[in-house]
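S.K.: Here you go, this is coords-v8.cif (mmCIF, C-alpha atoms and all ligand atoms).
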data_data
#
loop_
_atom_site.label_atom_id
_atom_site.label_comp_id
_atom_site.auth_asym_id
_atom_site.auth_seq_id
_atom_site.Cartn_x
_atom_site.Cartn_y
_atom_site.Cartn_z
CA MET A 1128 -1.26 15.42 -19.73
CA SER A 1129 2.30 15.08 -21.00
CA ARG A 1130 3.36 11.69 -22.29
CA ARG A 1131 5.47 9.56 -19.97
CA ARG A 1132 8.56 7.71 -21.13
CA VAL A 1133 8.35 4.07 -20.01
CA SER A 1134 10.60 1.02 -20.33
CA ILE A 1135 9.66 -2.57 -19.56
CA PHE A 1136 12.35 -5.04 -18.55
CA GLY A 1137 11.12 -8.62 -18.91
CA ALA A 1138 8.39 -7.42 -21.28
CA THR A 1139 7.66 -10.90 -22.65
CA GLY A 1140 6.95 -12.46 -19.24
CA SER A 1141 3.80 -12.63 -17.17
CA ILE A 1142 4.29 -9.27 -15.40
CA GLY A 1143 5.66 -7.69 -18.59
CA GLN A 1144 2.63 -8.74 -20.63
CA ASN A 1145 0.22 -7.50 -17.94
CA THR A 1146 2.06 -4.17 -17.96
CA ILE A 1147 1.77 -3.97 -21.73
CA ASP A 1148 -1.95 -4.76 -21.43
CA LEU A 1149 -2.37 -1.59 -19.33
CA ILE A 1150 -0.17 0.56 -21.60
CA ASP A 1151 -2.07 -0.69 -24.66
CA ARG A 1152 -5.33 0.66 -23.23
CA ASN A 1153 -3.98 4.24 -23.25
CA PRO A 1154 -1.18 4.29 -25.84
CA ASP A 1155 -1.41 8.09 -26.25
CA GLN A 1156 -0.18 8.58 -22.68
CA TYR A 1157 3.15 6.81 -23.14
CA ASP A 1158 6.36 6.91 -25.17
CA VAL A 1159 7.91 3.48 -24.96
CA VAL A 1160 11.70 3.62 -24.65
CA ALA A 1161 12.91 0.02 -24.23
CA LEU A 1162 11.29 -3.40 -24.20
CA THR A 1163 13.42 -6.40 -23.25
CA GLY A 1164 13.01 -10.16 -23.32
CA ALA A 1165 15.03 -13.33 -23.66
CA SER A 1166 13.95 -16.19 -25.97
CA ASN A 1167 10.51 -15.10 -27.12
CA ILE A 1168 11.65 -12.94 -30.04
CA THR A 1169 8.30 -13.03 -31.85
CA GLN A 1170 6.41 -11.54 -28.89
CA LEU A 1171 9.16 -9.00 -28.17
CA ALA A 1172 9.26 -7.74 -31.77
CA LYS A 1173 5.48 -7.68 -32.13
CA ASP A 1174 5.03 -5.53 -29.00
CA ALA A 1175 8.00 -3.29 -29.82
CA VAL A 1176 6.64 -2.49 -33.28
CA ARG A 1177 3.06 -1.92 -32.09
CA LEU A 1178 4.15 0.27 -29.17
CA LYS A 1179 6.77 2.07 -31.34
CA ALA A 1180 9.58 1.36 -28.85
CA GLN A 1181 12.97 3.03 -29.40
CA VAL A 1182 14.79 -0.24 -28.82
CA ALA A 1183 14.07 -3.93 -28.29
CA VAL A 1184 16.71 -6.00 -26.47
CA THR A 1185 17.08 -9.74 -26.09
CA ALA A 1186 19.28 -11.02 -23.26
CA HIS A 1187 20.74 -13.65 -25.63
CA ASP A 1188 23.53 -12.50 -27.99
CA HIS A 1189 22.95 -15.34 -30.43
CA LEU A 1190 19.34 -14.25 -31.01
CA LEU A 1191 20.29 -10.82 -32.39
CA PRO A 1192 19.94 -11.88 -36.07
CA ASP A 1193 16.45 -13.27 -35.33
CA LEU A 1194 15.44 -10.06 -33.56
CA ARG A 1195 16.80 -7.93 -36.43
CA ALA A 1196 14.82 -10.00 -38.91
CA ALA A 1197 11.64 -9.74 -36.84
CA LEU A 1198 12.02 -5.94 -36.64
CA ALA A 1199 12.91 -5.45 -40.33
CA GLY A 1200 11.02 -2.56 -41.91
CA SER A 1201 10.26 -0.90 -38.54
CA ASP A 1202 12.05 1.99 -36.82
CA VAL A 1203 12.80 -0.08 -33.70
CA GLU A 1204 16.50 -0.65 -32.95
CA ALA A 1205 17.56 -4.22 -32.19
CA ALA A 1206 20.16 -5.05 -29.52
CA ALA A 1207 21.32 -8.11 -27.58
CA GLY A 1208 23.31 -9.17 -24.55
CA GLN A 1209 24.07 -7.96 -21.04
CA VAL A 1210 25.79 -4.74 -22.11
CA ALA A 1211 22.83 -3.82 -24.32
CA LEU A 1212 20.42 -4.52 -21.43
CA ALA A 1213 22.42 -2.22 -19.16
CA GLU A 1214 22.57 0.45 -21.87
CA ALA A 1215 18.81 0.25 -22.47
CA ALA A 1216 18.19 0.66 -18.73
CA SER A 1217 20.33 3.80 -18.76
CA ARG A 1218 18.25 5.48 -21.47
CA PRO A 1219 16.25 8.30 -19.92
CA ALA A 1220 12.78 7.14 -18.89
CA ASP A 1221 10.27 8.37 -16.31
CA TRP A 1222 9.00 4.93 -15.27
CA VAL A 1223 10.71 1.56 -15.58
CA MET A 1224 9.11 -1.81 -14.93
CA SER A 1225 11.68 -4.24 -13.51
CA ALA A 1226 10.16 -7.65 -14.35
CA ILE A 1227 13.10 -9.81 -15.32
CA VAL A 1228 13.07 -13.00 -13.27
CA GLY A 1229 16.07 -13.70 -11.01
CA ALA A 1230 19.25 -11.86 -10.02
CA ALA A 1231 19.65 -10.97 -13.73
CA GLY A 1232 17.27 -8.10 -12.97
CA LEU A 1233 19.60 -6.44 -10.48
CA ARG A 1234 21.93 -4.48 -12.78
CA PRO A 1235 19.21 -3.09 -15.10
CA GLY A 1236 17.25 -2.00 -12.02
CA LEU A 1237 20.26 -0.16 -10.60
CA ASN A 1238 20.93 1.52 -13.96
CA ALA A 1239 17.32 2.71 -14.13
CA LEU A 1240 17.62 4.20 -10.63
CA ASP A 1241 20.95 5.80 -11.54
CA GLN A 1242 19.24 7.85 -14.21
CA GLY A 1243 16.51 8.86 -11.74
CA ALA A 1244 13.62 6.80 -13.14
CA THR A 1245 10.78 5.64 -10.92
CA LEU A 1246 11.36 1.90 -10.57
CA ALA A 1247 8.28 -0.33 -10.48
CA LEU A 1248 9.89 -3.32 -8.82
CA ALA A 1249 8.46 -6.76 -9.55
CA ASN A 1250 11.93 -8.33 -9.53
CA LYS A 1251 11.92 -9.23 -5.82
CA GLU A 1252 15.23 -11.05 -6.22
CA SER A 1253 17.05 -7.72 -6.41
CA LEU A 1254 15.71 -6.72 -2.97
CA VAL A 1255 16.57 -10.15 -1.56
CA CYS A 1256 20.14 -10.21 -2.85
CA ALA A 1257 21.00 -6.51 -2.62
CA GLY A 1258 18.26 -4.64 -0.74
CA GLY A 1259 20.60 -2.12 0.90
CA LEU A 1260 22.30 -1.31 -2.40
CA ILE A 1261 19.03 -0.84 -4.31
CA LEU A 1262 17.53 1.43 -1.64
CA GLN A 1263 20.75 3.44 -1.29
CA THR A 1264 20.96 3.92 -5.08
CA ALA A 1265 17.35 5.16 -5.12
CA LYS A 1266 18.11 7.59 -2.31
CA GLU A 1267 21.27 8.96 -3.94
CA ASN A 1268 19.40 9.64 -7.18
CA ASN A 1269 16.22 10.90 -5.55
CA ALA A 1270 14.36 8.11 -7.37
CA ASP A 1271 11.24 6.27 -6.18
CA ILE A 1272 10.87 2.51 -5.91
CA LEU A 1273 7.29 1.24 -6.03
CA PRO A 1274 6.61 -2.36 -5.06
CA VAL A 1275 4.93 -4.58 -7.66
CA ASP A 1276 4.27 -7.67 -5.65
CA SER A 1277 0.63 -8.05 -4.59
CA GLU A 1278 1.55 -8.22 -0.87
CA HIS A 1279 3.97 -5.31 -0.94
CA SER A 1280 1.71 -3.10 -3.02
CA ALA A 1281 -0.99 -3.91 -0.46
CA ILE A 1282 1.26 -2.92 2.47
CA PHE A 1283 2.36 0.23 0.64
CA GLN A 1284 -1.29 1.22 0.14
CA ALA A 1285 -2.26 0.41 3.74
CA LEU A 1286 0.56 2.71 4.90
CA VAL A 1287 -0.47 5.80 2.92
CA GLY A 1288 -0.72 8.66 5.42
CA GLU A 1289 0.44 6.50 8.34
CA ASP A 1290 3.41 6.92 10.65
CA MET A 1291 5.78 3.91 10.56
CA ALA A 1292 6.37 4.39 14.30
CA ALA A 1293 2.75 3.26 14.87
CA VAL A 1294 3.21 0.01 12.95
CA GLU A 1295 3.41 -3.04 15.20
CA ARG A 1296 3.38 -5.80 12.63
CA ILE A 1297 2.97 -6.62 8.99
CA ILE A 1298 1.17 -9.77 7.90
CA ILE A 1299 1.63 -11.09 4.38
CA THR A 1300 -0.71 -13.76 3.14
CA ALA A 1301 0.16 -16.90 1.19
CA SER A 1302 -2.17 -19.06 -0.85
CA GLY A 1303 -0.17 -22.11 0.20
CA GLY A 1304 0.55 -22.95 -3.44
CA ALA A 1305 -0.05 -26.19 -5.26
CA PHE A 1306 0.73 -28.54 -2.35
CA ARG A 1307 -0.88 -26.82 0.59
CA ASP A 1308 -3.11 -29.82 1.36
CA TRP A 1309 -0.84 -32.63 0.22
CA PRO A 1310 0.21 -35.30 2.73
CA MET A 1311 3.78 -34.52 3.81
CA ASP A 1312 5.20 -37.86 2.70
CA GLU A 1313 4.06 -37.28 -0.89
CA LEU A 1314 5.85 -33.92 -1.28
CA ALA A 1315 9.18 -35.52 -2.19
CA ASN A 1316 7.58 -37.08 -5.27
CA ALA A 1317 5.85 -33.93 -6.54
CA THR A 1318 6.41 -33.54 -10.27
CA LEU A 1319 7.37 -30.45 -12.24
CA GLU A 1320 3.94 -30.37 -13.84
CA GLN A 1321 2.19 -30.52 -10.46
CA ALA A 1322 4.41 -27.78 -9.00
CA SER A 1323 3.82 -25.55 -12.03
CA ALA A 1324 0.05 -25.28 -11.51
CA HIS A 1325 -0.94 -22.49 -9.12
CA PRO A 1326 -4.43 -22.70 -7.58
CA ASN A 1327 -5.19 -18.93 -7.87
CA TRP A 1328 -2.59 -16.91 -9.76
CA ALA A 1329 -1.43 -17.11 -13.40
CA MET A 1330 2.32 -16.36 -13.23
CA GLY A 1331 5.67 -17.33 -14.74
CA GLN A 1332 6.80 -20.92 -14.13
CA ARG A 1333 9.62 -20.08 -11.69
CA ILE A 1334 7.53 -18.02 -9.26
CA THR A 1335 4.74 -20.62 -9.49
CA ILE A 1336 7.09 -23.39 -8.33
CA ASP A 1337 8.47 -21.01 -5.68
CA SER A 1338 4.89 -20.60 -4.44
CA ALA A 1339 4.49 -24.35 -4.04
CA SER A 1340 7.75 -24.56 -2.04
CA MET A 1341 7.03 -21.25 -0.19
CA PHE A 1342 10.39 -19.92 -1.35
CA ASN A 1343 8.34 -17.15 -2.94
CA LYS A 1344 6.88 -16.22 0.46
CA ALA A 1345 10.31 -16.57 2.08
CA MET A 1346 11.66 -14.04 -0.43
CA GLU A 1347 8.67 -11.79 0.21
CA VAL A 1348 9.36 -11.79 3.95
CA ILE A 1349 12.92 -10.60 3.21
CA GLU A 1350 11.52 -8.12 0.68
CA THR A 1351 9.22 -6.71 3.40
CA HIS A 1352 12.11 -6.48 5.86
CA GLU A 1353 14.28 -4.59 3.33
CA TYR A 1354 11.73 -2.35 1.67
CA PHE A 1355 9.67 -1.28 4.69
CA ASP A 1356 12.61 -1.40 7.12
CA VAL A 1357 10.76 -3.44 9.74
CA SER A 1358 12.44 -6.03 11.94
CA ALA A 1359 12.12 -9.73 11.22
CA ASP A 1360 9.97 -10.35 14.30
CA GLN A 1361 7.40 -7.80 13.10
CA ILE A 1362 6.69 -9.82 9.93
CA GLU A 1363 4.20 -12.68 9.90
CA VAL A 1364 3.03 -15.08 7.22
CA LEU A 1365 -0.60 -16.19 7.17
CA VAL A 1366 -1.97 -18.91 4.90
CA HIS A 1367 -5.09 -17.61 3.17
CA PRO A 1368 -6.13 -20.03 0.41
CA GLU A 1369 -8.53 -17.60 -1.34
CA SER A 1370 -5.77 -15.04 -2.19
CA MET A 1371 -8.13 -12.09 -1.80
CA ILE A 1372 -6.58 -10.37 1.22
CA HIS A 1373 -3.00 -9.68 0.12
CA ALA A 1374 -1.54 -8.19 3.30
CA LEU A 1375 -2.50 -6.59 6.60
CA VAL A 1376 -0.77 -3.90 8.62
CA GLY A 1377 -1.29 -3.97 12.41
CA PHE A 1378 -1.02 -0.66 14.29
CA ASN A 1379 -0.27 0.14 17.94
CA ASP A 1380 -3.95 0.97 18.63
CA GLY A 1381 -4.99 -2.58 17.72
CA ALA A 1382 -6.39 -1.71 14.28
CA MET A 1383 -5.45 -3.77 11.26
CA MET A 1384 -5.68 -2.38 7.73
CA ALA A 1385 -6.26 -5.15 5.19
CA HIS A 1386 -5.97 -4.81 1.44
CA VAL A 1387 -8.61 -6.83 -0.41
CA GLY A 1388 -8.79 -7.48 -4.14
CA PRO A 1389 -8.96 -10.18 -6.80
CA PRO A 1390 -5.77 -12.11 -7.59
CA ASP A 1391 -4.86 -10.02 -10.65
CA MET A 1392 -1.40 -8.44 -10.91
CA ARG A 1393 -2.77 -5.64 -13.08
CA HIS A 1394 -3.92 -4.02 -9.83
CA ALA A 1395 -0.41 -3.78 -8.32
CA ILE A 1396 1.11 -2.88 -11.71
CA GLY A 1397 -1.56 -0.24 -12.38
CA TYR A 1398 -1.20 1.23 -8.90
CA ALA A 1399 2.55 1.66 -9.50
CA LEU A 1400 1.93 3.03 -13.00
CA HIS A 1401 -0.48 5.74 -11.85
CA TRP A 1402 0.93 6.44 -8.37
CA PRO A 1403 0.44 8.72 -6.50
CA ASN A 1404 -3.01 8.83 -8.15
CA ARG A 1405 -5.52 6.06 -8.68
CA GLN A 1406 -6.98 5.36 -12.11
CA LYS A 1407 -9.69 3.02 -13.30
CA LEU A 1408 -8.24 -0.47 -13.83
CA PRO A 1409 -9.67 -3.47 -15.70
CA VAL A 1410 -9.72 -5.83 -12.71
CA GLU A 1411 -12.70 -7.79 -11.44
CA ARG A 1412 -14.80 -6.10 -8.71
CA LEU A 1413 -15.31 -8.53 -5.83
CA ASP A 1414 -18.77 -9.55 -4.70
CA LEU A 1415 -18.05 -10.37 -1.05
CA ALA A 1416 -21.57 -11.59 -0.33
CA LYS A 1417 -21.15 -14.15 -3.08
CA ILE A 1418 -17.68 -15.16 -1.84
CA GLY A 1419 -19.18 -15.58 1.65
CA SER A 1420 -16.07 -16.34 3.69
CA PHE A 1421 -12.32 -16.02 3.88
CA THR A 1422 -10.23 -18.61 5.68
CA PHE A 1423 -6.85 -18.42 7.40
CA ARG A 1424 -4.37 -20.77 9.01
CA ALA A 1425 -0.87 -20.60 10.44
CA PRO A 1426 1.96 -21.69 8.13
CA ASP A 1427 3.65 -25.01 8.88
CA GLU A 1428 7.44 -24.53 8.94
CA VAL A 1429 8.02 -28.28 8.73
CA ARG A 1430 6.08 -28.46 5.46
CA TRP A 1431 7.74 -25.23 4.27
CA PRO A 1432 11.34 -25.00 5.57
CA ALA A 1433 11.90 -22.01 3.25
CA LEU A 1434 10.17 -19.80 5.85
CA ARG A 1435 12.68 -20.80 8.53
CA LEU A 1436 15.56 -20.17 6.10
CA ALA A 1437 14.27 -16.63 5.44
CA ARG A 1438 14.46 -15.90 9.17
CA GLU A 1439 18.01 -17.23 9.31
CA VAL A 1440 18.98 -14.98 6.39
CA MET A 1441 17.52 -11.89 8.09
CA ALA A 1442 19.23 -12.76 11.37
CA ARG A 1443 22.61 -13.24 9.63
CA GLY A 1444 22.41 -10.10 7.50
CA GLY A 1445 25.33 -9.02 5.29
CA LEU A 1446 25.29 -10.78 1.93
CA ALA A 1447 23.30 -13.78 3.25
CA GLY A 1448 20.38 -12.74 1.00
CA ALA A 1449 22.60 -12.95 -2.10
CA ILE A 1450 23.70 -16.48 -1.09
CA PHE A 1451 20.11 -17.49 -0.37
CA ASN A 1452 18.81 -16.18 -3.68
CA ALA A 1453 21.59 -17.71 -5.79
CA ALA A 1454 21.23 -21.07 -4.03
CA LYS A 1455 17.46 -20.95 -4.51
CA GLU A 1456 17.77 -20.16 -8.22
CA THR A 1457 20.27 -23.02 -8.68
CA ALA A 1458 18.10 -25.46 -6.71
CA LEU A 1459 15.08 -24.43 -8.78
CA ASP A 1460 17.03 -25.09 -11.99
CA GLY A 1461 17.90 -28.47 -10.46
CA PHE A 1462 14.24 -29.29 -9.83
CA ILE A 1463 13.20 -28.09 -13.31
CA SER A 1464 15.89 -30.25 -14.96
CA ASP A 1465 14.96 -33.26 -12.82
CA ALA A 1466 18.29 -33.31 -10.96
CA LEU A 1467 16.53 -32.64 -7.62
CA LYS A 1468 13.40 -33.79 -5.88
CA PHE A 1469 10.97 -31.08 -4.80
CA THR A 1470 11.87 -31.31 -1.12
CA GLN A 1471 15.61 -31.29 -1.85
CA MET A 1472 15.49 -27.64 -2.96
CA ALA A 1473 15.32 -26.41 0.64
CA GLN A 1474 18.08 -28.82 1.63
CA VAL A 1475 20.39 -27.38 -1.07
CA VAL A 1476 19.67 -23.80 0.02
CA ASP A 1477 20.23 -24.67 3.69
CA GLN A 1478 23.57 -26.37 2.97
CA THR A 1479 24.75 -23.60 0.64
CA LEU A 1480 24.05 -20.99 3.33
CA SER A 1481 26.07 -22.97 5.91
CA GLN A 1482 28.98 -23.71 3.58
CA MET A 1483 29.28 -20.19 2.18
CA ASP A 1484 29.17 -18.70 5.66
CA ALA A 1485 31.75 -21.15 6.98
CA VAL A 1486 34.33 -21.04 4.21
CA GLY A 1487 33.85 -17.93 2.08
CA GLY A 1488 34.23 -15.07 4.47
CA HIS A 1489 32.52 -13.06 1.75
CA ILE A 1490 29.22 -12.86 3.59
CA ASP A 1491 30.46 -9.82 5.52
CA ASP A 1492 31.85 -8.01 2.47
CA THR A 1493 30.48 -4.52 1.77
CA MET A 1494 27.31 -4.58 -0.31
CA THR A 1495 28.62 -3.31 -3.66
CA LEU A 1496 27.34 -4.61 -7.00
CA ASP A 1497 30.67 -6.37 -7.68
CA ASN A 1498 30.66 -8.09 -4.28
CA VAL A 1499 27.04 -9.17 -4.64
CA LEU A 1500 27.70 -10.60 -8.11
CA HIS A 1501 30.84 -12.36 -6.82
CA VAL A 1502 28.97 -13.96 -3.93
CA ASP A 1503 26.13 -14.84 -6.30
CA HIS A 1504 28.63 -16.62 -8.56
CA LEU A 1505 30.34 -18.52 -5.71
CA SER A 1506 27.00 -19.53 -4.20
CA ARG A 1507 25.76 -20.93 -7.52
CA LYS A 1508 28.95 -23.00 -7.82
CA THR A 1509 28.61 -24.23 -4.23
CA ALA A 1510 24.93 -25.10 -4.68
CA GLN A 1511 25.70 -26.91 -7.94
CA GLN A 1512 28.39 -28.98 -6.19
CA ILE A 1513 25.94 -29.85 -3.40
CA ILE A 1514 23.41 -30.99 -6.01
CA THR A 1515 26.05 -33.14 -7.73
CA ASP A 1516 27.07 -34.72 -4.41
CA LEU A 1517 23.55 -35.50 -3.23
P1 LIG B 1601 8.32 -14.79 -16.40
O1 LIG B 1601 9.18 -15.99 -16.37
O2 LIG B 1601 6.94 -14.89 -16.93
O3 LIG B 1601 9.06 -13.62 -17.22
C1 LIG B 1601 10.39 -13.32 -16.99
C2 LIG B 1601 10.91 -12.26 -17.96
O4 LIG B 1601 12.32 -12.11 -17.76
C3 LIG B 1601 10.74 -12.62 -19.43
O5 LIG B 1601 10.53 -11.45 -20.19
C4 LIG B 1601 12.09 -13.23 -19.81
O6 LIG B 1601 12.38 -13.09 -21.19
C5 LIG B 1601 13.03 -12.38 -18.98
N1 LIG B 1601 14.27 -13.07 -18.62
C6 LIG B 1601 14.38 -14.33 -18.11
N2 LIG B 1601 15.68 -14.61 -17.85
C7 LIG B 1601 16.39 -13.49 -18.19
C8 LIG B 1601 17.77 -13.15 -18.13
N3 LIG B 1601 18.70 -14.02 -17.70
N4 LIG B 1601 18.15 -11.91 -18.53
C9 LIG B 1601 17.23 -11.03 -18.97
N5 LIG B 1601 15.91 -11.30 -19.06
C10 LIG B 1601 15.49 -12.52 -18.67
O7 LIG B 1601 8.31 -14.21 -14.92
P2 LIG B 1601 7.18 -13.36 -14.17
O8 LIG B 1601 6.24 -14.28 -13.52
O9 LIG B 1601 6.68 -12.29 -15.06
O10 LIG B 1601 8.05 -12.71 -12.99
C11 LIG B 1601 8.92 -11.62 -13.21
C12 LIG B 1601 9.38 -11.07 -11.87
O11 LIG B 1601 8.25 -10.55 -11.18
C13 LIG B 1601 9.99 -12.12 -10.94
O12 LIG B 1601 10.99 -11.53 -10.17
C14 LIG B 1601 8.82 -12.52 -10.05
O13 LIG B 1601 9.23 -13.00 -8.79
C15 LIG B 1601 8.10 -11.19 -9.92
N6 LIG B 1601 6.68 -11.31 -9.61
C16 LIG B 1601 5.84 -11.92 -10.49
C17 LIG B 1601 4.48 -12.03 -10.21
C18 LIG B 1601 3.52 -12.66 -11.20
O14 LIG B 1601 2.33 -12.61 -10.96
N7 LIG B 1601 3.97 -13.23 -12.30
C19 LIG B 1601 3.98 -11.52 -9.00
C20 LIG B 1601 4.86 -10.88 -8.13
C21 LIG B 1601 6.21 -10.78 -8.45
MG MG B 1602 3.59 -11.91 -4.11
#
Transcribe the structure of this file into structure tokens.
Ligand code: NAD
Ligand code: MG
M.R.:
Amino acid sequence: MSRRRVSIFGATGSIGQNTIDLIDRNPDQYDVVALTGASNITQLAKDAVRLKAQVAVTAHDHLLPDLRAALAGSDVEAAAGQVALAEAASRPADWVMSAIVGAAGLRPGLNALDQGATLALANKESLVCAGGLILQTAKENNADILPVDSEHSAIFQALVGEDMAAVERIIITASGGAFRDWPMDELANATLEQASAHPNWAMGQRITIDSASMFNKAMEVIETHEYFDVSADQIEVLVHPESMIHALVGFNDGAMMAHVGPPDMRHAIGYALHWPNRQKLPVERLDLAKIGSFTFRAPDEVRWPALRLAREVMARGGLAGAIFNAAKETALDGFISDALKFTQMAQVVDQTLSQMDAVGGHIDDTMTLDNVLHVDHLSRKTAQQIITDL
């Protein structure tokens, strides 16, 4: 089998490290082109040297001397900053993992598609803020996008060989996050430490907090709407605390196809890495008799207003997703820096959506990269002002 050229964006994060774990098991099958990170220079350099990457890139310009020092004596090039990230994404590769967190992942993802690479997309923010643009860019370059979110990989797999016209509904499951059973009146006082502990999944801090607030599921509903091109009213969220069934697809003959597996992202990453084939993966095999039962409940939109906001975004269309994502990222920064209470995050996103729609006029601008980045910038400023005024 010929070696495949792979790049990993966000290589030092949770998804990035799980991707490297899989690559490390069969190093002879891959030529690593680019690995990128942000602050964790030691990890980035260590992996780049071991995997013999062409180039290692940090997002932070000021860390270039540190990266150079860490790579001294190796053949790996060192680079830093946004331009270097974009350049690295444009280097020819067959398969690119997009696992930067936040809207910062949008431009590298587009550059990878522009050069025709298969894009393994963990960076859900790029679908939320610019779904139409990402899908159009893939189409123009005859490039594939493979979902790397457990729910979306599950849906993708349940749809193999099926006709979309027969799909009635798509159900994505949610663990309910850290506060699923908390009394409502205690949510406002949830601490950063409490919100950063997920009951089932080991993930980066931002997505873990987004799971507790359900903003993660809200983004995943939009991601489903964009990627699978199904209408908002065909998408349902189901709370399933065990996190073993990741999604279900309901067909017009009443059948539902469920995807079952342990909560381990190496399954979704490995599926995207080996697609359209399946290969043996190092994930736990479930013993259903031992597990005994799965439970389900309907989501409570009062507890989790993020789910209602996702529906408003889909109904509004245009660049509403870019506003939503930027406001959410700013509100999350606010919670992490102790400027906001946990429950105020949804309030900030709600108000930013209303204000941007009322005053900006930009929500109906064409979805180009420049317009998305402009709206992203304005929405962050608006959200920041709302936080200051609270
Ligand atoms: P993480 O915080 O663990 O890692 C983020 C990566 O992005 C790191 O390599 C970091 O250096 C890099 N990064 C951060 N800010 C950057 C910036 N401004 N510019 C360039 N690089 C930057 O996050 P994660 O949990 O691995 O999540 C990555 C993406 O995958 C997110 O979009 C998340 O929603 C999605 N995702 C994650 C999981 C999971 O299990 N962790 C599951 C589904 C989807
Ligand atoms: Mg998910």
S.K.: As number ranges by chain, please: the residues near stretch 1355-1369 of chain A (cut-off 9 Å, only C-alpha atoms, same-chain neighbours under 2 positions excluded).
M.R.: A: 1279, 1282-1283, 1291, 1294-1304, 1307, 1326-1327, 1344, 1348-1353, 1371-1374, 1390, 1421-1426, 1434, 1438, 1441-1442
S.K.: Do a neighbour search on stretch 1157-1174 of chain A at 9 Å with all atoms listed in the file, toss out local chain neighbours closer than 6 positions, and write the hits as a ChimeraX atom specification.
M.R.: /A:1129-1140,1147,1150,1180-1187,1190,1193-1195,1197-1198,1203,1212,1215-1216,1218-1220,1227
S.K.: As a PyMOL selection string, please: every protein or nucleic acid residue near ligand MG 1602 (chain B) (cut-off 8 Å, counting all atoms listed in the file).
M.R.: chain A and resi 1276-1279+1343-1344+1347
S.K.: Which of these residues is nearest to ligand LIG 1601 (chain B), using all atoms listed in the file: A:Leu1467, A:Met1330, A:Val1176, A:Leu1375?
M.R.: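 Ranked by minimum distance to ligand LIG 1601 (chain B), first place goes to A:Met1330.
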S.K.: With all atoms listed in the file as the basis for distance, which of A:Ala1199, A:Leu1505, A:Val1228, A:Leu1436 is at the shortest distance from A:Phe1342?
M.R.: A:Leu1436
S.K.: What is the distance, in Å and to one decimal place, between atom CA of A:Ala1339 and atom CA of A:Ala1249?
M.R.: 18.9 Å
S.K.: Which one is closest to A:Glu1313: A:Asn1404, A:Thr1264, A:Asn1250, A:Thr1470? Count all atoms listed in the file.
M.R.: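 Residue with the minimum atom-to-atom distance to A:Glu1313: A:Thr1470.
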S.K.: Just checking: using only C-alpha atoms, which residue out of A:Ser1506, A:Asp1148, A:Asp1221, A:Trp1431 ends up closest to A:Met1472?
M.R.: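 Between A:Ser1506, A:Asp1148, A:Asp1221, A:Trp1431, the residue approaching A:Met1472 most closely is A:Trp1431.
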